[in-house]
Each structure stands twice: as C-alpha cells, then as structure tokens.
Amino acid sequence: MGLEGVEPSALMRGFLAECGGYAVVDGGFATELERHGQDLNDPLWSAKCLISSPQLVRRVHLDYLEAGANVIVSASYQATIQGFEAKGLSTEEAETLIKRSVDIACEARQIHLQRCAKGCWDFLDAGKTTQRPVLVAASVGSYGAYLADGSEYSGNYGDSVTLETLKDFHRRRVQILANSGADLIAFETIPNKLEAQAYAELLEEENINIPAWFSFASKDGINTVNGDSIAECAYIADSCDRVVAVGINCTPPRLIHGLILSIKKVTNKPVIIYPNSGETYNAETKQWEKSEGKIGEGFVSYVGKWRDAGASLFGGCCRTTPNTIRAISRVLFHKARLDN
C-alpha cells in the first residue's frame, strides 16, 4: 500500500476502511523470540536478533501475519545507533541494521501476500482466502528502552535529560526509518510528555515524509507511567499533523477502556491499543510477574468493549502471542459481521 504523497489522516482512515473499519496489529515480539529459544537478556533485547537470527525475526512476522495481523511492527524497538556502537559495531553497521529491521518485515509481508495470492493459506473462512491490506510500521522505542534499566516503565530520566537531549538521541534513527521503506513509524511505550514532545518536534523539524502513531504506557489508567496526564499527551499527538493514530500499549488490559475514553476526549484521530498480558515487569529481576488473570480468553473478552469505546486498531504487546492475535482477529471479524 503506497503511502507517500497522501494526506496523513486520510491515509489511515483509508487503510481502516479497506480493512473493514478496524485493523489488527501484531503481538509480543520478544515473547515469541524467547519461545523459539533466544536469550534476550541483553541491552539490545529483541534487536539482538537482527544480528544473530534475522531468519527467526522474519518467521515471527509471518506467524503474526498468518494469525490475522494487518500491521506488523519492525524489530527496531531497541535498535539504536548508540546501542549497537556499545556492542562494538560501527555507525555504518548500526544504521544498516536499523534499516534491515524494516527490510525483514517487508520481506515477510511479500512472502505472506504471495501465499495469499496462491490461495495456499486460509485466514478465517474455510475455502475462502481473504486478501487483506498489510502495513509495516517501523518501531521506535523510548530513550529508557535504550538505557535498558527499566526507566521505560517509569519515564524518570532525571533532570539532565532535556527535550534537546531526547531529540538528539532519536534524530538519526528516525531519519533512517523514515527512508527505510516502512509505511509509517510507531513511537511506542512513550513514558512521558517530554518524549512525546520531542517526537512531535522531530517529525516537523526533519520534515518526515511518512505518517506515525504515538502510543503511551500507563500504570493507573489516567496518566503515563511517570505521572503525566494521558489527555495532555494525546493532545500533543493530536496537534502533530504527521501523527495519524494515538493510543496505548504495554499497559494492563483492565486499564484500557478508561484510557480510550480519555484519548477520545481530545482527538478524533483513530485510537490504537495493544496492551500487555496484564503481568508487571520487574526491572530489577528483568522478569514479568503475574498480577492479573491469564491472557487468552480474559484478554480477548475486552476487545468488543474497546471497539465500542472508540478504538480502531487492536493488538498485543509483551507476553501476548500469535494465538492472542488470532483470537482478536476472530472477535473483530465476527463482530463486524453482526454489525452488518
């Protein structure tokens, strides 16, 4: 789906219309890499596999496409020039790997669409192959994700980190991803208003020519993880012309409904939600700890309510799987049939 030269908000609304009014985003990426045996206890996290296991990255993208995802997100969340350089790579090698994350996702999309065209893969209805539009989103994780010290879950970067610090940190990566062949940029797990403002200013200053979405994280259902108002953060996203969707990720499912309502009060842009499993990340042990019911039916049972509240794009974050995405796809598919 070619996106350049199209007015950003019209582009997203056109994509959603082509999808039937809603779209399905993929699920937890590191979760799947670990399930396939990868040890991600590393400052690069899932981006480590861009070096060691690119074929597995492609496989996970394909698993999500075959589960019903309309949007797949590149493995660049923790792929930063600074992070790769700390591993001994050159700046040129780091930049190549960041672009490679999008190339791999695009390759997976091409393979998937070829399979669909040949009719060798069946989405939801037996005997009927549905050709669905697929977008590739280039992931940008927060400054805290690069630090790999858990601050992405608190948003507390200290007084020395300013708006200019954040813009300088993200600038080159955003430039690379904007010219990588991705359809849009996904600014994910944004922990505070300062980083949202940095992204919005970068999109304008660098004249980024592809759309973006802003997705925030919350622990209380009212504010971002560092205590900034979700409504104020959503307003920053609403004020930026390049931002075509606003939402929430890596947040417990039980908090999502109220957050959708808060976002809808300040923007008419489509709302994207892709919560985690409901578990809580312990930055000290680097483990997820159970704090809520199991994922699966309990998680998916919220989807209809989220759609009724005004969300348009639905997926999963940490600890969700292709099975989660397949279940979300089925719920939305059947709900759409009932609506019609």
# chains A, B, ... in the order shown; residues from 1 in each chain; ligands from 1
call {"tool": "select_by_dssp", "arguments": {"residues": "range 76-292 of chain A", "states": "strand (DSSP E)", "output": "ChimeraX atom specification"}}
result
/A:135-140,184-190,212-216,243-249,271-274,280-282,287-289
call {"tool": "residues_around", "arguments": {"residues": "range 233-236 of chain A", "least_positions_apart": "6", "cutoff": "7 Å", "atoms": "only C-alpha atoms", "output": "VMD selection string"}}
result
chain A and resid 193 196 to 197 246 263 266 to 267
call {"tool": "write_last_selection", "arguments": {"atoms": "C-alpha atoms", "output": "PDB file, in the first residue's frame"}}
result
ATOM      1  CA  LYS A 193       5.024  14.051  27.872  1.00  0.00           C
ATOM      2  CA  ALA A 196       6.143  12.823  23.072  1.00  0.00           C
ATOM      3  CA  GLN A 197       7.001  16.486  22.540  1.00  0.00           C
ATOM      4  CA  VAL A 246      -2.909   7.803  19.102  1.00  0.00           C
ATOM      5  CA  ILE A 263      -7.925   9.939  24.493  1.00  0.00           C
ATOM      6  CA  VAL A 266      -9.008  15.294  22.976  1.00  0.00           C
ATOM      7  CA  THR A 267      -8.629  13.788  19.500  1.00  0.00           C
TER       8      THR A 267
END
call {"tool": "select_by_dssp", "arguments": {"residues": "range 46-234 of chain A", "states": "helix (DSSP H, G or I)", "output": "ChimeraX atom specification"}}
result
/A:46-52,54-66,81-86,91-118,143-147,151-153,163-178,193-205,230-234
call {"tool": "closest_residue", "arguments": {"among": "A:Lys99, A:Arg115, A:Arg58, A:Arg254", "to": "Gly181 in chain A", "atoms": "only C-alpha atoms"}}
result
A:Lys99
call {"tool": "residues_around", "arguments": {"residues": "Pro43 in chain A", "least_positions_apart": "5", "cutoff": "12 Å", "atoms": "only C-alpha atoms", "output": "JSON, numbers by chain"}}
result
{"A": [48, 49, 77, 78, 79, 80, 82, 83, 84, 85, 86, 87, 144, 145, 146, 147, 148, 149, 150, 286]}
call {"tool": "closest_residue", "arguments": {"among": "A:Arg35, A:Lys219, A:Arg307, A:Arg171", "to": "Tyr199 in chain A", "atoms": "only C-alpha atoms"}}
result
A:Arg171
call {"tool": "closest_residue", "arguments": {"among": "A:Ser277, A:Ile98, A:Ser329, A:Gly258", "to": "Gly28 in chain A", "atoms": "only C-alpha atoms"}}
result
A:Ser277
call {"tool": "atom_distance", "arguments": {"atom1": "CA of Ile273 in chain A", "atom2": "CA of Asn249 in chain A"}}
result
5.8 Å
call {"tool": "residues_around", "arguments": {"residues": "range 64-68 of chain A", "least_positions_apart": "6", "cutoff": "8 Å", "atoms": "only C-alpha atoms", "output": "MDAnalysis selection string"}}
result
chainID A and resid 24 26:27 109 112 121 123 322:323 325:326 329
call {"tool": "atom_distance", "arguments": {"atom1": "CA of Gln175 in chain A", "atom2": "CA of Val243 in chain A"}}
result
15.7 Å
